[in-house]
$ cat my_file_36.cif   # mmCIF, N, CA and C atoms
data_my_file
loop_
_atom_site.group_PDB
_atom_site.id
_atom_site.type_symbol
_atom_site.label_atom_id
_atom_site.label_comp_id
_atom_site.auth_asym_id
_atom_site.auth_seq_id
_atom_site.Cartn_x
_atom_site.Cartn_y
_atom_site.Cartn_z
ATOM 1 N N MET C 1 248.568 3.146 196.192
ATOM 2 C CA MET C 1 247.534 4.082 195.755
ATOM 3 C C MET C 1 246.197 3.547 196.243
ATOM 4 N N SER C 2 245.347 4.442 196.661
ATOM 5 C CA SER C 2 244.049 4.010 197.160
ATOM 6 C C SER C 2 243.102 3.718 196.008
ATOM 7 N N GLU C 3 242.003 3.128 196.371
ATOM 8 C CA GLU C 3 240.977 2.771 195.391
ATOM 9 C C GLU C 3 240.405 4.004 194.705
ATOM 10 N N TYR C 4 240.412 5.149 195.412
ATOM 11 C CA TYR C 4 239.803 6.372 194.904
ATOM 12 C C TYR C 4 240.804 7.397 194.392
ATOM 13 N N GLY C 5 242.086 7.107 194.499
ATOM 14 C CA GLY C 5 243.088 8.076 194.071
ATOM 15 C C GLY C 5 243.606 8.875 195.254
ATOM 16 N N SER C 6 243.979 10.126 195.009
ATOM 17 C CA SER C 6 244.493 10.967 196.083
ATOM 18 C C SER C 6 244.050 12.403 195.867
ATOM 19 N N PHE C 7 244.124 13.171 196.947
ATOM 20 C CA PHE C 7 243.791 14.585 196.895
ATOM 21 C C PHE C 7 244.803 15.323 197.745
ATOM 22 N N GLN C 8 245.520 16.284 197.135
ATOM 23 C CA GLN C 8 246.555 17.060 197.805
ATOM 24 C C GLN C 8 247.557 16.147 198.510
ATOM 25 N N GLY C 9 247.921 15.046 197.834
ATOM 26 C CA GLY C 9 248.924 14.134 198.348
ATOM 27 C C GLY C 9 248.422 13.149 199.378
ATOM 28 N N LYS C 10 247.159 13.258 199.776
ATOM 29 C CA LYS C 10 246.604 12.357 200.779
ATOM 30 C C LYS C 10 245.748 11.318 200.073
ATOM 31 N N PRO C 11 245.998 10.008 200.361
ATOM 32 C CA PRO C 11 245.189 8.986 199.709
ATOM 33 C C PRO C 11 243.718 9.120 200.094
ATOM 34 N N ILE C 12 242.868 8.968 199.130
ATOM 35 C CA ILE C 12 241.432 8.998 199.396
ATOM 36 C C ILE C 12 240.997 7.557 199.628
ATOM 37 N N ASP C 13 240.771 7.233 200.888
ATOM 38 C CA ASP C 13 240.319 5.896 201.239
ATOM 39 C C ASP C 13 239.005 6.014 202.005
ATOM 40 N N ASP C 14 238.489 4.895 202.466
ATOM 41 C CA ASP C 14 237.207 4.919 203.168
ATOM 42 C C ASP C 14 237.264 5.774 204.432
ATOM 43 N N GLN C 15 238.389 5.740 205.136
ATOM 44 C CA GLN C 15 238.545 6.550 206.355
ATOM 45 C C GLN C 15 238.462 8.042 206.020
ATOM 46 N N TYR C 16 239.169 8.470 204.991
ATOM 47 C CA TYR C 16 239.162 9.878 204.594
ATOM 48 C C TYR C 16 237.771 10.306 204.137
ATOM 49 N N LEU C 17 237.101 9.442 203.387
ATOM 50 C CA LEU C 17 235.735 9.757 202.960
ATOM 51 C C LEU C 17 234.807 9.895 204.151
ATOM 52 N N SER C 18 234.987 9.053 205.176
ATOM 53 C CA SER C 18 234.174 9.163 206.399
ATOM 54 C C SER C 18 234.417 10.495 207.098
ATOM 55 N N GLU C 19 235.677 10.926 207.132
ATOM 56 C CA GLU C 19 236.014 12.225 207.743
ATOM 57 C C GLU C 19 235.338 13.364 206.978
ATOM 58 N N LEU C 20 235.368 13.291 205.656
ATOM 59 C CA LEU C 20 234.723 14.333 204.850
ATOM 60 C C LEU C 20 233.213 14.349 205.062
ATOM 61 N N GLN C 21 232.617 13.168 205.167
ATOM 62 C CA GLN C 21 231.174 13.085 205.397
ATOM 63 C C GLN C 21 230.810 13.678 206.750
ATOM 64 N N ALA C 22 231.601 13.379 207.785
ATOM 65 C CA ALA C 22 231.341 13.920 209.118
ATOM 66 C C ALA C 22 231.464 15.441 209.115
ATOM 67 N N GLU C 23 232.460 15.946 208.420
ATOM 68 C CA GLU C 23 232.648 17.398 208.310
ATOM 69 C C GLU C 23 231.454 18.038 207.608
ATOM 70 N N ALA C 24 230.995 17.422 206.539
ATOM 71 C CA ALA C 24 229.855 17.962 205.790
ATOM 72 C C ALA C 24 228.579 17.906 206.625
ATOM 73 N N ALA C 25 228.429 16.847 207.419
ATOM 74 C CA ALA C 25 227.227 16.711 208.250
ATOM 75 C C ALA C 25 227.138 17.820 209.296
ATOM 76 N N GLN C 26 228.281 18.338 209.730
ATOM 77 C CA GLN C 26 228.301 19.431 210.706
ATOM 78 C C GLN C 26 227.909 20.754 210.059
ATOM 79 N N GLY C 27 228.016 20.844 208.775
ATOM 80 C CA GLY C 27 227.690 22.074 208.055
ATOM 81 C C GLY C 27 228.922 22.940 207.863
ATOM 82 N N TYR C 28 228.813 23.830 206.903
ATOM 83 C CA TYR C 28 229.921 24.717 206.569
ATOM 84 C C TYR C 28 229.500 26.167 206.761
ATOM 85 N N ASP C 29 230.454 26.989 207.161
ATOM 86 C CA ASP C 29 230.230 28.430 207.267
ATOM 87 C C ASP C 29 230.574 29.027 205.902
ATOM 88 N N VAL C 30 229.551 29.329 205.137
ATOM 89 C CA VAL C 30 229.749 29.800 203.763
ATOM 90 C C VAL C 30 230.562 31.089 203.736
ATOM 91 N N ASP C 31 230.311 32.004 204.665
ATOM 92 C CA ASP C 31 231.072 33.260 204.693
ATOM 93 C C ASP C 31 232.563 32.996 204.880
ATOM 94 N N GLN C 32 232.895 32.031 205.727
ATOM 95 C CA GLN C 32 234.303 31.699 205.958
ATOM 96 C C GLN C 32 234.921 31.077 204.709
ATOM 97 N N ILE C 33 234.181 30.244 204.015
ATOM 98 C CA ILE C 33 234.686 29.617 202.796
ATOM 99 C C ILE C 33 234.972 30.679 201.745
ATOM 100 N N ILE C 34 234.080 31.639 201.607
ATOM 101 C CA ILE C 34 234.266 32.703 200.622
ATOM 102 C C ILE C 34 235.487 33.550 200.968
ATOM 103 N N LYS C 35 235.712 33.823 202.257
ATOM 104 C CA LYS C 35 236.850 34.634 202.677
ATOM 105 C C LYS C 35 238.179 33.971 202.357
ATOM 106 N N ARG C 36 238.246 32.651 202.457
ATOM 107 C CA ARG C 36 239.524 31.962 202.285
ATOM 108 C C ARG C 36 239.735 31.441 200.872
ATOM 109 N N ARG C 37 238.992 31.952 199.945
ATOM 110 C CA ARG C 37 239.156 31.515 198.559
ATOM 111 C C ARG C 37 240.597 31.646 198.131
ATOM 112 N N GLY C 38 241.036 30.676 197.402
ATOM 113 C CA GLY C 38 242.415 30.668 196.931
ATOM 114 C C GLY C 38 242.533 31.336 195.582
ATOM 115 N N GLY C 39 243.530 30.931 194.882
ATOM 116 C CA GLY C 39 243.750 31.492 193.563
ATOM 117 C C GLY C 39 244.874 32.504 193.575
ATOM 118 N N ARG C 40 245.170 32.966 192.429
ATOM 119 C CA ARG C 40 246.248 33.939 192.297
ATOM 120 C C ARG C 40 245.755 35.322 192.682
ATOM 121 N N PRO C 41 246.616 36.091 193.335
ATOM 122 C CA PRO C 41 246.226 37.469 193.650
ATOM 123 C C PRO C 41 246.150 38.291 192.364
ATOM 124 N N PRO C 42 245.275 39.282 192.331
ATOM 125 C CA PRO C 42 245.169 40.102 191.118
ATOM 126 C C PRO C 42 246.446 40.898 190.878
ATOM 127 N N LEU C 43 246.768 41.102 189.607
ATOM 128 C CA LEU C 43 247.946 41.894 189.249
ATOM 129 C C LEU C 43 247.623 43.379 189.202
ATOM 130 N N ALA C 44 246.387 43.687 188.912
ATOM 131 C CA ALA C 44 245.982 45.085 188.759
ATOM 132 C C ALA C 44 244.518 45.201 189.166
ATOM 133 N N ASP C 45 244.035 46.440 189.193
ATOM 134 C CA ASP C 45 242.643 46.665 189.557
ATOM 135 C C ASP C 45 241.690 46.124 188.498
ATOM 136 N N GLY C 46 242.113 46.142 187.253
ATOM 137 C CA GLY C 46 241.250 45.685 186.166
ATOM 138 C C GLY C 46 241.554 44.266 185.756
ATOM 139 N N GLN C 47 241.036 43.918 184.612
ATOM 140 C CA GLN C 47 241.273 42.594 184.064
ATOM 141 C C GLN C 47 242.685 42.471 183.522
ATOM 142 N N THR C 48 243.173 41.250 183.497
ATOM 143 C CA THR C 48 244.448 40.977 182.851
ATOM 144 C C THR C 48 244.191 40.060 181.664
ATOM 145 N N VAL C 49 245.160 39.970 180.783
ATOM 146 C CA VAL C 49 245.029 39.178 179.567
ATOM 147 C C VAL C 49 246.192 38.194 179.511
ATOM 148 N N VAL C 50 245.893 36.950 179.203
ATOM 149 C CA VAL C 50 246.936 35.953 179.008
ATOM 150 C C VAL C 50 247.437 36.069 177.576
ATOM 151 N N VAL C 51 248.766 36.175 177.426
ATOM 152 C CA VAL C 51 249.378 36.306 176.106
ATOM 153 C C VAL C 51 250.359 35.147 175.926
ATOM 154 N N PRO C 52 249.963 34.138 175.152
ATOM 155 C CA PRO C 52 250.881 33.016 174.926
ATOM 156 C C PRO C 52 252.098 33.470 174.117
ATOM 157 N N VAL C 53 253.221 32.883 174.412
ATOM 158 C CA VAL C 53 254.450 33.223 173.689
ATOM 159 C C VAL C 53 255.243 31.943 173.474
ATOM 160 N N ARG C 54 255.864 31.830 172.310
ATOM 161 C CA ARG C 54 256.718 30.678 172.009
ATOM 162 C C ARG C 54 258.168 31.084 172.205
ATOM 163 N N LEU C 55 258.915 30.205 172.862
ATOM 164 C CA LEU C 55 260.334 30.440 173.084
ATOM 165 C C LEU C 55 261.121 29.248 172.574
ATOM 166 N N THR C 56 262.353 29.510 172.158
ATOM 167 C CA THR C 56 263.240 28.431 171.750
ATOM 168 C C THR C 56 263.727 27.699 173.005
ATOM 169 N N PRO C 57 264.211 26.478 172.845
ATOM 170 C CA PRO C 57 264.749 25.775 174.016
ATOM 171 C C PRO C 57 265.870 26.546 174.718
ATOM 172 N N SER C 58 266.707 27.239 173.961
ATOM 173 C CA SER C 58 267.789 28.004 174.604
ATOM 174 C C SER C 58 267.228 29.196 175.382
ATOM 175 N N GLU C 59 266.157 29.800 174.871
ATOM 176 C CA GLU C 59 265.530 30.904 175.600
ATOM 177 C C GLU C 59 264.889 30.400 176.899
ATOM 178 N N VAL C 60 264.256 29.246 176.826
ATOM 179 C CA VAL C 60 263.649 28.660 178.031
ATOM 180 C C VAL C 60 264.730 28.310 179.048
ATOM 181 N N SER C 61 265.857 27.774 178.564
ATOM 182 C CA SER C 61 266.962 27.447 179.453
ATOM 183 C C SER C 61 267.511 28.691 180.151
ATOM 184 N N ALA C 62 267.694 29.769 179.376
ATOM 185 C CA ALA C 62 268.177 31.023 179.957
ATOM 186 C C ALA C 62 267.164 31.575 180.968
ATOM 187 N N LEU C 63 265.894 31.463 180.629
ATOM 188 C CA LEU C 63 264.838 31.915 181.533
ATOM 189 C C LEU C 63 264.857 31.099 182.827
ATOM 190 N N ASP C 64 265.009 29.788 182.717
ATOM 191 C CA ASP C 64 265.064 28.927 183.898
ATOM 192 C C ASP C 64 266.269 29.249 184.779
ATOM 193 N N HIS C 65 267.406 29.577 184.153
ATOM 194 C CA HIS C 65 268.576 29.984 184.938
ATOM 195 C C HIS C 65 268.302 31.292 185.683
ATOM 196 N N ARG C 66 267.628 32.208 185.016
ATOM 197 C CA ARG C 66 267.297 33.497 185.659
ATOM 198 C C ARG C 66 266.334 33.272 186.828
ATOM 199 N N ILE C 67 265.377 32.363 186.643
ATOM 200 C CA ILE C 67 264.422 32.035 187.704
ATOM 201 C C ILE C 67 265.160 31.468 188.910
ATOM 202 N N ALA C 68 266.071 30.514 188.667
ATOM 203 C CA ALA C 68 266.827 29.893 189.752
ATOM 204 C C ALA C 68 267.675 30.918 190.501
ATOM 205 N N ALA C 69 268.253 31.852 189.768
ATOM 206 C CA ALA C 69 269.125 32.851 190.393
ATOM 207 C C ALA C 69 268.334 33.901 191.168
ATOM 208 N N SER C 70 267.129 34.205 190.711
ATOM 209 C CA SER C 70 266.378 35.302 191.326
ATOM 210 C C SER C 70 265.332 34.845 192.341
ATOM 211 N N GLY C 71 264.876 33.607 192.194
ATOM 212 C CA GLY C 71 263.807 33.139 193.079
ATOM 213 C C GLY C 71 262.437 33.657 192.674
ATOM 214 N N LYS C 72 262.371 34.295 191.525
ATOM 215 C CA LYS C 72 261.096 34.823 191.027
ATOM 216 C C LYS C 72 260.415 33.780 190.162
ATOM 217 N N THR C 73 259.151 34.007 189.870
ATOM 218 C CA THR C 73 258.432 33.100 188.988
ATOM 219 C C THR C 73 258.714 33.445 187.537
ATOM 220 N N ARG C 74 258.374 32.506 186.674
ATOM 221 C CA ARG C 74 258.531 32.736 185.237
ATOM 222 C C ARG C 74 257.726 33.959 184.804
ATOM 223 N N SER C 75 256.506 34.063 185.300
ATOM 224 C CA SER C 75 255.653 35.198 184.926
ATOM 225 C C SER C 75 256.252 36.522 185.396
ATOM 226 N N GLU C 76 256.798 36.542 186.608
ATOM 227 C CA GLU C 76 257.395 37.782 187.119
ATOM 228 C C GLU C 76 258.568 38.219 186.241
ATOM 229 N N ILE C 77 259.421 37.274 185.890
ATOM 230 C CA ILE C 77 260.580 37.589 185.039
ATOM 231 C C ILE C 77 260.115 38.115 183.686
ATOM 232 N N LEU C 78 259.145 37.452 183.077
ATOM 233 C CA LEU C 78 258.667 37.878 181.758
ATOM 234 C C LEU C 78 257.978 39.235 181.818
ATOM 235 N N ARG C 79 257.185 39.495 182.870
ATOM 236 C CA ARG C 79 256.546 40.817 182.993
ATOM 237 C C ARG C 79 257.592 41.913 183.146
ATOM 238 N N GLU C 80 258.640 41.643 183.948
ATOM 239 C CA GLU C 80 259.705 42.636 184.104
ATOM 240 C C GLU C 80 260.405 42.896 182.777
ATOM 241 N N ALA C 81 260.632 41.855 181.990
ATOM 242 C CA ALA C 81 261.292 42.024 180.689
ATOM 243 C C ALA C 81 260.416 42.857 179.751
ATOM 244 N N VAL C 82 259.138 42.552 179.727
ATOM 245 C CA VAL C 82 258.218 43.316 178.856
ATOM 246 C C VAL C 82 258.155 44.769 179.330
ATOM 247 N N ASP C 83 258.039 44.984 180.632
ATOM 248 C CA ASP C 83 257.997 46.355 181.156
ATOM 249 C C ASP C 83 259.253 47.135 180.784
ATOM 250 N N ALA C 84 260.419 46.488 180.915
ATOM 251 C CA ALA C 84 261.683 47.153 180.577
ATOM 252 C C ALA C 84 261.756 47.495 179.102
ATOM 253 N N TYR C 85 261.248 46.619 178.258
ATOM 254 C CA TYR C 85 261.270 46.840 176.814
ATOM 255 C C TYR C 85 260.304 47.943 176.395
ATOM 256 N N LEU C 86 259.189 48.037 177.092
ATOM 257 C CA LEU C 86 258.154 48.992 176.707
ATOM 258 C C LEU C 86 258.298 50.364 177.346
ATOM 259 N N VAL C 87 259.346 50.573 178.125
ATOM 260 C CA VAL C 87 259.572 51.888 178.722
ATOM 261 C C VAL C 87 259.710 52.901 177.594
ATOM 262 N N PRO C 88 259.000 54.038 177.701
ATOM 263 C CA PRO C 88 259.102 55.029 176.643
ATOM 264 C C PRO C 88 260.538 55.499 176.427
ATOM 265 N N ILE C 89 260.890 55.661 175.180
ATOM 266 C CA ILE C 89 262.266 56.080 174.825
ATOM 267 C C ILE C 89 262.365 57.593 174.911
#
$ encode --input "my_file_36.cif" --output "structure tokens"
Amino acid sequence: MSEYGSFQGKPIDDQYLSELQAEAAQGYDVDQIIKRRGGRPPLADGQTVVVPVRLTPSEVSALDHRIAASGKTRSEILREAVDAYLVPI
């Protein structure tokens, strides 16, 4: 481990800090930085709400098996379950 820790799996050492300083000295294209912003893609046009839920260990295990079988994320599986449950009768 380096003296400074790591960032994205790369040790932060004096060489890496020098590279970052050289990059900063050249300047940054702010418009390009704004375009490549990361984060999760929006789910809808409006705001979304985080709803915490408690599950039993067996429910989490079943959910994890479903995730492994489908290749979907936990959130995708849970949203599909809620959507299916809330379909008008």
$ atom_distance --input "my_file_36.cif" --atom1 "atom CA of C:Leu43" --atom2 "atom CA of C:Glu76"
10.5 Å
$ residues_around --input "my_file_36.cif" --residues "C:Tyr4" --least-positions-apart "6" --cutoff "8 Å" --atoms "only C-alpha atoms" --output "list in words"
Pro11, Ile12 and Asp13 of chain C
$ closest_residue --input "my_file_36.cif" --among "C:Val87, C:Val53, C:Glu23, C:Tyr16" --to "C:Ser75" --atoms "only C-alpha atoms"
C:Val53
$ atom_distance --input "my_file_36.cif" --atom1 "atom CA of C:Ile77" --atom2 "atom CA of C:Glu59"
12.6 Å
$ residues_around --input "my_file_36.cif" --residues "C:Leu63" --least-positions-apart "6" --cutoff "10 Å" --atoms "only C-alpha atoms" --output "ChimeraX atom specification"
/C:55,57,69,73-74,77-78
$ atom_distance --input "my_file_36.cif" --atom1 "atom N of C:Ala81" --atom2 "atom C of C:Ala62"
12.2 Å
$ select_by_dssp --input "my_file_36.cif" --residues "chain C" --states "strand (DSSP E)" --output "tab-separated table (two decimals) with N, CA and C atoms, in the coordinates of the input"
chain	number	residue	atom	x	y	z
C	6	SER	N	243.98	10.13	195.01
C	6	SER	CA	244.49	10.97	196.08
C	6	SER	C	244.05	12.40	195.87
C	7	PHE	N	244.12	13.17	196.95
C	7	PHE	CA	243.79	14.58	196.90
C	7	PHE	C	244.80	15.32	197.74
C	10	LYS	N	247.16	13.26	199.78
C	10	LYS	CA	246.60	12.36	200.78
C	10	LYS	C	245.75	11.32	200.07
C	11	PRO	N	246.00	10.01	200.36
C	11	PRO	CA	245.19	8.99	199.71
C	11	PRO	C	243.72	9.12	200.09
$ select_by_dssp --input "my_file_36.cif" --residues "stretch 16-53 of chain C" --states "alpha helix (DSSP H)" --output "ChimeraX atom specification"
/C:16-26,30-35
